[in-house]
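Peer 1: My structure is stored as data-v1.txt, with compact mmCIF, C-alpha atoms (C1' of nucleotides).
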```txt
# COMPACT_ATOMS: atom_id res chain seq x y z
CA MET A 1 -21.39 5.17 6.14
CA THR A 2 -19.47 3.77 9.06
CA ASN A 3 -15.87 3.29 8.09
CA ARG A 4 -15.07 5.48 5.09
CA ARG A 5 -11.51 5.58 3.91
CA LYS A 6 -9.45 8.57 4.97
CA SER A 7 -6.53 10.23 3.32
CA ARG A 8 -3.45 10.80 5.47
CA THR A 9 -1.77 13.07 2.93
CA LYS A 10 -3.14 16.02 4.83
CA PHE A 11 -1.30 15.01 7.98
CA ALA A 12 1.94 14.27 6.20
CA ILE A 13 1.81 17.83 4.86
CA LEU A 14 0.84 19.36 8.20
CA GLY A 15 3.67 17.46 9.87
CA PHE A 16 6.22 19.02 7.56
CA LEU A 17 4.69 22.47 7.75
CA ALA A 18 4.91 22.22 11.54
CA SER A 19 8.69 22.51 11.44
CA LYS A 20 8.79 25.41 8.98
CA PRO A 21 6.85 27.06 6.14
CA ARG A 22 7.26 25.35 2.80
CA SER A 23 5.97 25.40 -0.76
CA GLY A 24 4.34 22.48 -2.56
CA TYR A 25 7.60 21.85 -4.34
CA ASP A 26 9.55 21.88 -1.07
CA LEU A 27 7.11 19.44 0.49
CA LYS A 28 7.53 16.96 -2.32
CA LYS A 29 11.32 17.08 -2.03
CA ALA A 30 11.31 16.92 1.76
CA ILE A 31 8.98 13.92 1.78
CA GLU A 32 11.09 12.07 -0.78
CA LYS A 33 14.33 12.77 0.98
CA SER A 34 13.39 12.10 4.58
CA ILE A 35 10.50 9.62 4.69
CA GLY A 36 10.59 8.37 1.12
CA PHE A 37 11.22 4.82 2.20
CA PHE A 38 7.89 4.56 3.98
CA TRP A 39 5.80 7.37 2.54
CA SER A 40 5.24 9.14 -0.78
CA GLU A 41 3.12 11.93 -2.15
CA SER A 42 2.60 13.23 -5.68
CA TYR A 43 2.05 16.82 -6.80
CA GLY A 44 -1.42 15.79 -7.84
CA GLN A 45 -2.17 15.26 -4.16
CA ILE A 46 -0.06 17.99 -2.60
CA TYR A 47 -1.30 21.09 -4.45
CA PRO A 48 -5.04 20.46 -4.12
CA ILE A 49 -4.64 19.55 -0.45
CA LEU A 50 -2.66 22.71 0.26
CA SER A 51 -5.62 24.70 -1.08
CA GLN A 52 -7.95 22.64 1.04
CA LEU A 53 -5.84 23.27 4.15
CA VAL A 54 -6.09 27.01 3.56
CA LYS A 55 -9.87 26.76 3.17
CA GLU A 56 -10.10 24.78 6.41
CA GLY A 57 -7.94 27.27 8.27
CA HIS A 58 -5.20 24.74 8.99
CA ALA A 59 -2.63 26.59 6.90
CA ILE A 60 -2.15 30.06 5.43
CA LYS A 61 -0.51 31.34 2.29
CA LEU A 62 2.53 33.46 3.03
CA PRO A 63 3.28 36.53 0.89
CA ILE A 64 5.62 35.67 -1.96
CA ASP A 65 9.16 36.95 -1.51
CA GLU A 66 9.68 39.10 -4.60
CA THR A 67 13.35 39.85 -3.84
CA SER A 68 14.64 36.30 -4.28
CA GLY A 69 15.06 34.79 -7.72
CA ARG A 70 12.68 31.86 -7.70
CA LYS A 71 9.14 32.72 -6.78
CA ARG A 72 7.51 30.14 -4.55
CA GLN A 73 4.19 30.14 -2.76
CA GLN A 74 5.02 29.23 0.80
CA TYR A 75 2.48 27.86 3.24
CA ALA A 76 2.58 28.05 7.02
CA ILE A 77 0.69 25.95 9.54
CA THR A 78 -1.85 27.68 11.82
CA ASP A 79 -2.65 26.96 15.47
CA ALA A 80 -5.73 25.09 14.33
CA GLY A 81 -3.51 23.10 12.01
CA ILE A 82 -1.18 22.17 14.86
CA GLU A 83 -4.18 20.98 16.87
CA GLU A 84 -5.40 18.94 13.92
CA LEU A 85 -1.97 17.36 13.54
CA LYS A 86 -1.74 16.53 17.25
CA ASP A 87 -5.18 14.94 17.25
CA TRP A 88 -4.16 12.71 14.38
CA ILE A 89 -0.83 11.74 15.93
CA GLU A 90 -2.54 10.71 19.14
CA LYS A 91 -5.23 8.63 17.48
CA ALA A 92 -4.41 4.99 16.83
CA ALA A 93 -3.23 4.20 13.32
CA GLU A 94 -5.97 2.55 11.31
CA PRO A 95 -5.29 -0.93 9.94
CA GLN A 96 -3.79 -0.72 6.50
CA THR A 97 -3.94 -3.10 3.61
CA TYR A 98 -0.35 -3.87 2.87
CA ARG A 99 0.50 -5.49 -0.44
CA ASN A 100 3.78 -7.14 -1.27
CA GLU A 101 4.16 -8.19 -4.88
CA LEU A 102 7.48 -9.97 -4.36
CA LEU A 103 5.97 -12.16 -1.67
CA LEU A 104 3.03 -12.95 -3.95
CA LYS A 105 5.44 -14.09 -6.66
CA ILE A 106 7.36 -16.21 -4.17
CA PHE A 107 4.12 -17.70 -2.85
CA PHE A 108 3.26 -18.82 -6.38
CA GLY A 109 6.90 -19.68 -7.09
CA HIS A 110 6.25 -23.41 -7.54
CA GLN A 111 4.18 -22.59 -10.64
CA ALA A 112 7.27 -21.40 -12.50
CA ASP A 113 10.98 -22.03 -12.87
CA PRO A 114 12.82 -21.83 -9.52
CA ASP A 115 15.40 -19.67 -11.29
CA ALA A 116 12.78 -16.96 -11.46
CA SER A 117 12.45 -16.94 -7.68
CA ARG A 118 16.21 -17.01 -7.30
CA LYS A 119 16.56 -14.01 -9.58
CA HIS A 120 13.89 -12.07 -7.69
CA LEU A 121 15.56 -12.83 -4.37
CA GLU A 122 19.00 -11.80 -5.59
CA GLU A 123 17.63 -8.54 -6.93
CA PHE A 124 15.78 -7.98 -3.68
CA LYS A 125 19.01 -8.55 -1.77
CA THR A 126 20.91 -5.88 -3.67
CA GLN A 127 18.03 -3.44 -3.16
CA GLN A 128 17.91 -4.11 0.56
CA LYS A 129 21.68 -3.90 0.92
CA GLU A 130 21.72 -0.48 -0.73
CA LEU A 131 18.85 0.72 1.42
CA ASN A 132 20.54 -0.59 4.53
CA GLU A 133 23.70 1.33 3.71
CA THR A 134 21.72 4.48 3.08
CA PHE A 135 20.09 4.21 6.50
CA LYS A 136 23.38 3.55 8.21
CA GLY A 137 24.87 6.56 6.48
CA PHE A 138 21.93 8.65 7.62
CA GLN A 139 22.29 7.40 11.15
CA SER A 140 25.96 8.29 11.36
CA THR A 141 25.14 11.91 10.59
CA LEU A 142 22.82 12.18 13.59
CA PRO A 143 24.27 13.91 16.65
CA ASP A 144 24.99 11.89 19.76
CA MET A 145 21.90 11.69 21.84
CA LYS A 146 22.74 10.58 25.36
CA ASP A 147 21.92 13.13 28.06
CA GLN A 148 19.70 14.93 25.55
CA PRO A 149 16.13 15.83 26.46
CA LEU A 150 13.23 14.27 24.58
CA ASN A 151 13.36 15.78 21.14
CA HIS A 152 12.95 15.40 17.46
CA TYR A 153 16.08 13.29 17.08
CA VAL A 154 14.73 10.43 19.12
CA TYR A 155 11.89 9.99 16.66
CA LEU A 156 14.08 10.53 13.65
CA GLN A 157 16.45 7.90 15.02
CA ALA A 158 13.52 5.55 15.56
CA THR A 159 12.39 5.71 11.94
CA ILE A 160 15.92 5.18 10.66
CA ASN A 161 16.32 2.29 13.03
CA TYR A 162 13.15 0.77 11.63
CA GLY A 163 14.69 0.89 8.19
CA ILE A 164 17.90 -0.73 9.41
CA LEU A 165 16.16 -3.55 11.25
CA MET A 166 13.73 -4.27 8.43
CA THR A 167 16.36 -4.35 5.71
CA GLU A 168 18.52 -6.64 7.83
CA ALA A 169 15.63 -9.01 8.50
CA SER A 170 14.82 -8.91 4.78
CA LEU A 171 18.37 -9.89 3.91
CA LYS A 172 18.29 -12.77 6.36
CA TRP A 173 14.98 -13.92 4.90
CA ALA A 174 16.23 -13.72 1.33
CA ASN A 175 19.33 -15.75 2.20
CA ASP A 176 17.31 -18.34 4.12
CA THR A 177 14.87 -18.66 1.23
CA LEU A 178 17.60 -18.99 -1.37
CA ARG A 179 19.17 -21.73 0.70
CA MET A 180 15.85 -23.53 1.00
CA ILE A 181 15.23 -23.38 -2.75
CA ASN A 182 18.72 -24.63 -3.52
CA ARG A 183 18.47 -27.47 -1.03
CA ALA A 184 15.14 -28.55 -2.48
CA LYS A 185 16.52 -28.69 -6.01
CA SER A 186 19.46 -30.98 -5.29
CA MET B 1 1.65 6.47 -21.86
CA THR B 2 4.90 4.87 -20.78
CA ASN B 3 4.50 3.48 -17.31
CA ARG B 4 0.81 2.96 -16.64
CA ARG B 5 -0.22 1.36 -13.39
CA LYS B 6 -1.13 -2.29 -13.50
CA SER B 7 -3.45 -4.30 -11.32
CA ARG B 8 -2.04 -7.51 -9.88
CA THR B 9 -5.41 -8.76 -8.71
CA LYS B 10 -5.65 -10.77 -11.90
CA PHE B 11 -2.51 -12.71 -11.04
CA ALA B 12 -3.49 -13.31 -7.46
CA ILE B 13 -6.69 -14.89 -8.79
CA LEU B 14 -4.91 -16.91 -11.48
CA GLY B 15 -2.44 -18.15 -8.88
CA PHE B 16 -5.22 -19.58 -6.75
CA LEU B 17 -7.14 -21.00 -9.71
CA ALA B 18 -3.94 -22.79 -10.75
CA SER B 19 -4.18 -25.17 -7.81
CA LYS B 20 -7.90 -25.94 -8.24
CA PRO B 21 -11.16 -24.48 -9.58
CA ARG B 22 -12.83 -22.01 -7.27
CA SER B 23 -15.71 -19.57 -7.06
CA GLY B 24 -15.41 -15.86 -6.36
CA TYR B 25 -16.49 -16.52 -2.81
CA ASP B 26 -13.89 -19.28 -2.41
CA LEU B 27 -11.18 -17.01 -3.75
CA LYS B 28 -11.95 -14.30 -1.22
CA LYS B 29 -11.80 -16.78 1.66
CA ALA B 30 -8.66 -18.48 0.38
CA ILE B 31 -6.85 -15.17 -0.06
CA GLU B 32 -7.82 -13.98 3.42
CA LYS B 33 -6.80 -17.22 5.07
CA SER B 34 -3.52 -17.93 3.36
CA ILE B 35 -1.96 -14.67 2.19
CA GLY B 36 -4.10 -12.20 4.11
CA PHE B 37 -1.10 -10.80 5.95
CA PHE B 38 0.48 -9.49 2.76
CA TRP B 39 -2.35 -9.40 0.23
CA SER B 40 -6.06 -8.63 0.11
CA GLU B 41 -8.83 -8.50 -2.43
CA SER B 42 -12.44 -7.36 -2.22
CA TYR B 43 -15.47 -8.81 -3.99
CA GLY B 44 -15.70 -5.59 -5.93
CA GLN B 45 -12.42 -6.56 -7.59
CA ILE B 46 -12.78 -10.32 -7.74
CA TYR B 47 -16.10 -10.72 -9.56
CA PRO B 48 -15.46 -8.24 -12.38
CA ILE B 49 -11.98 -9.64 -12.93
CA LEU B 50 -13.27 -13.20 -13.08
CA SER B 51 -15.55 -12.11 -15.94
CA GLN B 52 -12.63 -10.39 -17.58
CA LEU B 53 -10.49 -13.54 -17.29
CA VAL B 54 -13.19 -15.54 -19.07
CA LYS B 55 -13.37 -12.94 -21.85
CA GLU B 56 -9.59 -13.07 -22.25
CA GLY B 57 -9.55 -16.86 -22.35
CA HIS B 58 -7.49 -17.17 -19.19
CA ALA B 59 -10.26 -18.91 -17.26
CA ILE B 60 -13.50 -20.73 -18.02
CA LYS B 61 -16.79 -21.03 -16.19
CA LEU B 62 -17.44 -24.56 -15.01
CA PRO B 63 -21.00 -25.97 -15.14
CA ILE B 64 -22.79 -25.44 -11.84
CA ASP B 65 -23.21 -28.58 -9.79
CA GLU B 66 -26.98 -28.82 -9.35
CA THR B 67 -26.86 -31.82 -7.02
CA SER B 68 -25.09 -30.09 -4.13
CA GLY B 69 -26.97 -27.73 -1.87
CA ARG B 70 -25.18 -24.40 -2.31
CA LYS B 71 -24.92 -23.27 -5.90
CA ARG B 72 -21.58 -21.73 -6.73
CA GLN B 73 -20.13 -20.61 -10.06
CA GLN B 74 -16.74 -22.23 -10.21
CA TYR B 75 -13.96 -21.01 -12.46
CA ALA B 76 -11.02 -23.02 -13.81
CA ILE B 77 -7.75 -21.74 -15.23
CA THR B 78 -6.95 -22.44 -18.90
CA ASP B 79 -3.59 -23.23 -20.49
CA ALA B 80 -3.40 -19.64 -21.67
CA GLY B 81 -4.08 -18.57 -18.10
CA ILE B 82 -1.24 -20.72 -16.81
CA GLU B 83 1.09 -19.12 -19.35
CA GLU B 84 -0.07 -15.65 -18.31
CA LEU B 85 0.57 -16.50 -14.68
CA LYS B 86 4.04 -17.88 -15.40
CA ASP B 87 4.98 -14.80 -17.41
CA TRP B 88 3.99 -12.57 -14.52
CA ILE B 89 5.82 -14.68 -11.92
CA GLU B 90 9.03 -14.54 -13.95
CA LYS B 91 8.91 -10.79 -14.54
CA ALA B 92 10.56 -8.60 -11.92
CA ALA B 93 8.21 -7.10 -9.34
CA GLU B 94 7.55 -3.45 -10.06
CA PRO B 95 8.54 -0.96 -7.38
CA GLN B 96 5.67 -0.34 -5.02
CA THR B 97 4.78 2.67 -2.96
CA TYR B 98 4.66 1.37 0.57
CA ARG B 99 2.96 3.49 3.20
CA ASN B 100 3.27 3.02 6.91
CA GLU B 101 0.99 5.19 9.02
CA LEU B 102 2.47 4.11 12.35
CA LEU B 103 5.93 5.15 11.21
CA LEU B 104 4.55 8.48 10.03
CA LYS B 105 3.06 9.09 13.48
CA ILE B 106 6.32 8.13 15.15
CA PHE B 107 8.26 10.40 12.79
CA PHE B 108 6.08 13.32 13.89
CA GLY B 109 6.02 12.04 17.48
CA HIS B 110 7.86 15.06 18.88
CA GLN B 111 4.89 17.24 17.94
CA ALA B 112 2.70 15.50 20.51
CA ASP B 113 2.79 13.89 23.93
CA PRO B 114 5.36 11.06 24.12
CA ASP B 115 2.66 8.99 25.81
CA ALA B 116 0.90 8.87 22.46
CA SER B 117 3.94 7.26 20.83
CA ARG B 118 4.29 4.88 23.76
CA LYS B 119 0.69 3.82 23.43
CA HIS B 120 1.04 3.24 19.67
CA LEU B 121 4.16 1.17 20.20
CA GLU B 122 2.59 -0.96 22.91
CA GLU B 123 -0.44 -1.62 20.75
CA PHE B 124 1.82 -2.42 17.83
CA LYS B 125 3.70 -4.90 20.01
CA THR B 126 0.59 -6.85 20.94
CA GLN B 127 -0.45 -6.96 17.28
CA GLN B 128 2.94 -8.22 16.17
CA LYS B 129 3.11 -10.78 18.98
CA GLU B 130 -0.25 -12.20 17.97
CA LEU B 131 0.75 -12.30 14.31
CA ASN B 132 4.04 -13.95 15.19
CA GLU B 133 2.24 -16.69 17.12
CA THR B 134 -0.15 -17.24 14.24
CA PHE B 135 2.75 -17.73 11.84
CA LYS B 136 4.52 -20.08 14.19
CA GLY B 137 1.34 -22.09 14.59
CA PHE B 138 1.00 -22.23 10.82
CA GLN B 139 4.58 -23.34 10.44
CA SER B 140 4.25 -26.20 12.90
CA THR B 141 1.47 -27.69 10.79
CA LEU B 142 3.72 -27.92 7.73
CA PRO B 143 5.16 -31.33 6.99
CA ASP B 144 8.86 -31.96 7.47
CA MET B 145 10.68 -30.94 4.36
CA LYS B 146 14.16 -32.41 4.34
CA ASP B 147 14.80 -34.86 1.49
CA GLN B 148 11.71 -33.53 -0.25
CA PRO B 149 11.86 -32.45 -3.90
CA LEU B 150 11.28 -28.84 -4.86
CA ASN B 151 7.62 -28.24 -4.29
CA HIS B 152 4.89 -25.98 -3.13
CA TYR B 153 5.85 -26.28 0.53
CA VAL B 154 9.20 -24.58 0.09
CA TYR B 155 7.47 -21.44 -1.12
CA LEU B 156 4.74 -21.66 1.46
CA GLN B 157 7.40 -22.03 4.14
CA ALA B 158 9.22 -19.01 2.71
CA THR B 159 6.22 -16.72 3.00
CA ILE B 160 5.50 -17.88 6.54
CA ASN B 161 9.14 -17.37 7.41
CA TYR B 162 8.91 -13.83 6.08
CA GLY B 163 6.07 -13.18 8.50
CA ILE B 164 8.02 -14.62 11.41
CA LEU B 165 11.18 -12.64 10.71
CA MET B 166 9.33 -9.38 10.11
CA THR B 167 7.21 -9.61 13.22
CA GLU B 168 10.30 -10.42 15.29
CA ALA B 169 12.23 -7.49 13.85
CA SER B 170 9.18 -5.29 14.49
CA LEU B 171 9.07 -6.36 18.13
CA LYS B 172 12.75 -5.61 18.57
CA TRP B 173 12.25 -2.21 16.97
CA ALA B 174 9.26 -1.37 19.16
CA ASN B 175 11.19 -2.32 22.31
CA ASP B 176 14.26 -0.36 21.24
CA THR B 177 12.13 2.66 20.45
CA LEU B 178 10.23 2.51 23.73
CA ARG B 179 13.54 2.36 25.58
CA MET B 180 14.82 5.36 23.65
CA ILE B 181 11.73 7.41 24.41
CA ASN B 182 11.87 6.52 28.09
CA ARG B 183 15.55 7.34 28.36
CA ALA B 184 15.02 10.70 26.68
CA LYS B 185 12.25 11.67 29.08
CA SER B 186 14.16 11.05 32.30
C1' DA C 1 -40.51 -18.77 11.14
C1' DG C 2 -36.53 -16.41 11.51
C1' DC C 3 -31.75 -15.71 11.64
C1' DA C 4 -27.09 -16.39 10.17
C1' DC C 5 -24.45 -17.17 6.59
C1' DC C 6 -23.62 -18.49 1.64
C1' DA C 7 -23.06 -16.39 -2.75
C1' DT C 8 -22.92 -13.11 -6.67
C1' DG C 9 -22.82 -9.06 -8.20
C1' DT C 10 -22.96 -3.66 -9.05
C1' DA C 11 -22.88 1.52 -8.33
C1' DA C 12 -20.81 5.10 -6.24
C1' DG C 13 -17.25 7.12 -4.39
C1' DT C 14 -12.24 7.69 -2.75
C1' DG C 15 -7.40 8.14 -2.84
C1' DG C 16 -4.01 8.26 -5.68
C1' DT C 17 -0.79 8.43 -9.90
C1' DT C 18 0.38 9.91 -14.42
C1' DA C 19 0.63 12.84 -18.10
C1' DC C 20 0.25 17.15 -19.67
C1' DA C 21 0.35 22.33 -19.80
C1' DT C 22 2.65 26.40 -18.72
C1' DG C 23 6.02 29.57 -17.68
C1' DA C 24 10.12 31.24 -15.02
C1' DT C 25 14.98 30.82 -13.77
C1' DT C 26 19.63 29.30 -13.69
C1' DC C 27 23.65 27.80 -15.81
C1' DC C 28 26.58 26.58 -19.66
C1' DG D 1 20.46 30.67 -27.12
C1' DG D 2 19.30 26.37 -25.26
C1' DA D 3 19.01 22.78 -21.86
C1' DA D 4 17.96 21.53 -17.25
C1' DT D 5 15.50 22.35 -13.51
C1' DC D 6 12.32 25.13 -10.65
C1' DA D 7 7.58 25.59 -9.74
C1' DT D 8 2.49 25.26 -9.87
C1' DG D 9 -1.23 23.32 -11.24
C1' DT D 10 -5.03 20.33 -13.54
C1' DA D 11 -7.52 16.66 -16.21
C1' DA D 12 -7.89 12.06 -17.00
C1' DC D 13 -7.61 7.93 -15.52
C1' DC D 14 -6.89 3.81 -12.45
C1' DA D 15 -7.24 0.48 -8.66
C1' DC D 16 -9.72 -0.32 -5.09
C1' DT D 17 -13.14 -0.22 -1.16
C1' DT D 18 -17.60 0.35 0.62
C1' DA D 19 -22.26 0.00 0.67
C1' DC D 20 -26.04 -1.85 -1.17
C1' DA D 21 -29.19 -5.18 -3.60
C1' DT D 22 -30.78 -9.69 -4.10
C1' DG D 23 -31.80 -14.26 -3.33
C1' DG D 24 -30.63 -18.98 -1.73
C1' DT D 25 -29.44 -22.40 2.05
C1' DG D 26 -28.91 -24.48 6.68
C1' DC D 27 -30.01 -24.58 11.28
C1' DT D 28 -32.71 -24.13 15.44
```
Output the file's structure as C-alpha cells, nothing else.
Peer 2:
Amino acid sequence: MTNRRKSRTKFAILGFLASKPRSGYDLKKAIEKSIGFFWSESYGQIYPILSQLVKEGHAIKLPIDETSGRKRQQYAITDAGIEELKDWIEKAAEPQTYRNELLLKIFFGHQADPDASRKHLEEFKTQQKELNETFKGFQSTLPDMKDQPLNHYVYLQATINYGILMTEASLKWANDTLRMINRAKS
Amino acid sequence: MTNRRKSRTKFAILGFLASKPRSGYDLKKAIEKSIGFFWSESYGQIYPILSQLVKEGHAIKLPIDETSGRKRQQYAITDAGIEELKDWIEKAAEPQTYRNELLLKIFFGHQADPDASRKHLEEFKTQQKELNETFKGFQSTLPDMKDQPLNHYVYLQATINYGILMTEASLKWANDTLRMINRAKS
DNA sequence: AGCACCATGTAAGTGGTTACATGATTCC
DNA sequence: GGAATCATGTAACCACTTACATGGTGCT
C-alpha cells in the first residue's frame, strides 16, 4: 500500500468553508458557479464528507437558524480544518490522469468520415467561444488590482485567466485542425 | 435510467486494434506511448474488456504463434467491431467532468503562503516545458504532409499540435500568474 | 543461477455519479 | 392548490486503479 488514491473533495469543501460557513446545498452551488469549469462535486460526495469532516474535527455543525424561512444545516471550518487545508495547498499536486474524449475521436478520425471530425471541431469551437466569453465577462467584474496587497483576487484572477488562455488556445487549435483536414481533402 | 455513464475504454482498444492485431500488453504500451498525454488505461480494464469484445463479436482471438519465443494472445478487430468504432467516432463526445488539482490549489492560494503557489507554478513550468519538447520532437519525426491525401497523419499531427498549443498556453499562464503574485507581494 | 522484464489475469477497494426518497418552502 | 425549487440524504451502481498472483523468457 504505497500510493493509494486520495479524494480531494474534502479540500474543495474545506476551501469554501474557509471563507464562510455554508450548507451542503450552498457548497454545491458555490462550486458550480465559481470553479465549475475545472472542478465538480455531487451531493453524493458532499453530504457524507461533511459528516466525516465533523467526525475528524475539521468542521463543526452550526445551530440551525429557526427564524429564517428555509432551514439549512450550516457548517463552519475549525482551526484544525484550516491547518489541514493549508497542508494540502502547500503539498505538490499529485499527477492526474486526464482524459479527453474529443481528442481520442480526432486521433482515430481517419477511421471514419472526415465530416465527423469537422462536426466535432465546429461544435467544440462554439463551446469554447461561449466559455471564453463567460470568463471575459467574469474578469470584467473584478476590481482593479494594481497597488493592491496580495489577496484573494490575485488567485481568482489567475484561475479566470487560465480559462481565457486555454479557451483561446483551443480555438486556435480547432481552426488549425479544420484547415488541415480541409487541405488534405482537396 | 436516462443518462448512465459509459466507459470509453472499449473504443480506445478498438481504435488501436483497427490498425493491427495486438495483445493486451501491446495495447497498454501503445496507449502509453502514443496517446498517454491525454488518455490512459490499466491492465485491470484492458484484459476484461478484451474478453468482453470477443463475447460481443467486436474482436476475435488470434491463434498463438508457437514458433516465436514470447507467447502472446493477440486480438483482431472484426467488421462488427469496425462499425462499432465508427459509430462511436461519429457520435458527439459527451461532456466530461474535468478536474484540475493545481488550479484548485491556486484558487485557494490566498489561504496559504504565496511561496507555495510560486513553487507549484515553477514545478508546473518545468513539466510543461518537458512535455512541449517531447511533442516538438514527435512532430519533427512526422513526414512532410503537403500534397498528401487525407490520411492518418493529419489526425496524428492534430493531436500533437494540441499538446504543443496547450503546453505553450500553460507556460504563458504560469509566467503571467507568477508575475501577478510577485507584483502583489511588493 | 538469478534477475529483469514479458505477459495475462483477478480481487479488492476507491472515488465518484446517478437515481431515488422525503419533506419543506416559496411563488403564482 | 399546485408547481418549482430548496434542502438533505442514501443506496446502488459504475469506471477505474492498485496490488497481487502466476508463470514464462532473455540475458549475463
Peer 1: Kindly indicate which residue among B:Lys71, B:Phe16, B:Glu66, B:His58 lies nearest to chain D, using all atoms listed in the file for the distances.
Peer 2: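 Under the stated criterion, the closest residue is B:Lys71.
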Peer 1: Which residues of chain A come within 9 Å of chain D, and what is each one's closest atom pair and distance in Å (one decimal), counting all atoms listed in the file, sorted by chain and residue number, as a Markdown table?
Peer 2:
```
| residue | atom | partner | partner_atom | distance |
| --- | --- | --- | --- | --- |
| A:Met1 | CA | D:DA19 | C1' | 7.6 |
| A:Asn3 | CA | D:DT18 | C1' | 8.2 |
| A:Arg4 | CA | D:DT18 | C1' | 7.3 |
| A:Arg5 | CA | D:DT17 | C1' | 7.9 |
| A:Gly24 | CA | D:DT8 | C1' | 8.0 |
| A:Tyr25 | CA | D:DA7 | C1' | 6.6 |
| A:Tyr43 | CA | D:DG9 | C1' | 8.5 |
| A:Gly44 | CA | D:DT10 | C1' | 8.1 |
| A:Tyr47 | CA | D:DG9 | C1' | 7.1 |
| A:Pro48 | CA | D:DG9 | C1' | 8.6 |
| A:Arg70 | CA | D:DC6 | C1' | 7.4 |
| A:Lys71 | CA | D:DA7 | C1' | 7.9 |
| A:Arg72 | CA | D:DA7 | C1' | 6.9 |
| A:Gln73 | CA | D:DT8 | C1' | 8.8 |
```
Peer 1: Once you count only C-alpha atoms, which residues of chain A turn out to be within 7 Å of chain B? Could you give them as a CSV table (one decimal) with C-alpha atoms, keeping the file's coordinate frame?
Peer 2:
```csv
chain,number,residue,atom,x,y,z
A,15,GLY,CA,3.7,17.5,9.9
A,38,PHE,CA,7.9,4.6,4.0
A,39,TRP,CA,5.8,7.4,2.5
A,40,SER,CA,5.2,9.1,-0.8
A,86,LYS,CA,-1.7,16.5,17.2
A,89,ILE,CA,-0.8,11.7,15.9
A,90,GLU,CA,-2.5,10.7,19.1
A,92,ALA,CA,-4.4,5.0,16.8
A,93,ALA,CA,-3.2,4.2,13.3
A,97,THR,CA,-3.9,-3.1,3.6
A,98,TYR,CA,-0.4,-3.9,2.9
A,99,ARG,CA,0.5,-5.5,-0.4
A,100,ASN,CA,3.8,-7.1,-1.3
A,101,GLU,CA,4.2,-8.2,-4.9
A,102,LEU,CA,7.5,-10.0,-4.4
A,103,LEU,CA,6.0,-12.2,-1.7
A,105,LYS,CA,5.4,-14.1,-6.7
A,106,ILE,CA,7.4,-16.2,-4.2
A,107,PHE,CA,4.1,-17.7,-2.8
A,108,PHE,CA,3.3,-18.8,-6.4
A,109,GLY,CA,6.9,-19.7,-7.1
A,110,HIS,CA,6.2,-23.4,-7.5
A,111,GLN,CA,4.2,-22.6,-10.6
A,112,ALA,CA,7.3,-21.4,-12.5
A,116,ALA,CA,12.8,-17.0,-11.5
A,120,HIS,CA,13.9,-12.1,-7.7
A,148,GLN,CA,19.7,14.9,25.6
A,149,PRO,CA,16.1,15.8,26.5
A,150,LEU,CA,13.2,14.3,24.6
A,151,ASN,CA,13.4,15.8,21.1
A,152,HIS,CA,13.0,15.4,17.5
A,154,VAL,CA,14.7,10.4,19.1
A,155,TYR,CA,11.9,10.0,16.7
A,156,LEU,CA,14.1,10.5,13.6
A,158,ALA,CA,13.5,5.6,15.6
A,159,THR,CA,12.4,5.7,11.9
A,162,TYR,CA,13.2,0.8,11.6
A,165,LEU,CA,16.2,-3.6,11.2
A,166,MET,CA,13.7,-4.3,8.4
A,169,ALA,CA,15.6,-9.0,8.5
A,173,TRP,CA,15.0,-13.9,4.9
A,177,THR,CA,14.9,-18.7,1.2
A,180,MET,CA,15.8,-23.5,1.0
A,181,ILE,CA,15.2,-23.4,-2.8
A,184,ALA,CA,15.1,-28.6,-2.5
A,185,LYS,CA,16.5,-28.7,-6.0
```
Peer 1: Rounded to one decimal place, report the atom CA of Ala80 of chain A-atom CA of Ala59 of chain A distance in Å.
Peer 2: 8.2 Å
Peer 1: Restricting the calculation to all atoms listed in the file, which member of B:Ile46, B:Leu171, B:Leu131, B:Leu62 is positioned closest to chain C?
Peer 2: B:Ile46
Peer 1: Could you work out how far atom CA of Thr9 of chain B lies from atom CA of Glu32 of chain B, giving the answer in Å with one decimal?
Peer 2: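 That distance, rounded to one decimal, is 13.4 Å.
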Peer 1: Write down, as a list in words, each residue of chain C that has any atom within 12 Å of an atom of chain B, counting all atoms listed in the file.
Peer 2: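 Interface list for chain C against chain B: DC5, DC6, DA7, DT8, DG9, DT10, DA11, DA12, DG16, DT17, DT18, DA19 and DC20 of chain C.
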Peer 1: Enter the distance from atom CA of Gln128 of chain B to atom CA of Ile13 of chain B, in Å, rounded to one decimal.
Peer 2: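 Answer for the atom CA of Gln128 of chain B to atom CA of Ile13 of chain B separation: 27.6 Å.
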Peer 1: Pick out the closest residue to Lys33 of chain A from this set: A:Gln74, A:Thr134, A:Ser140, A:Thr67. Count only C-alpha atoms.
Peer 2: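 Closest residue, counting only C-alpha atoms: A:Thr134.
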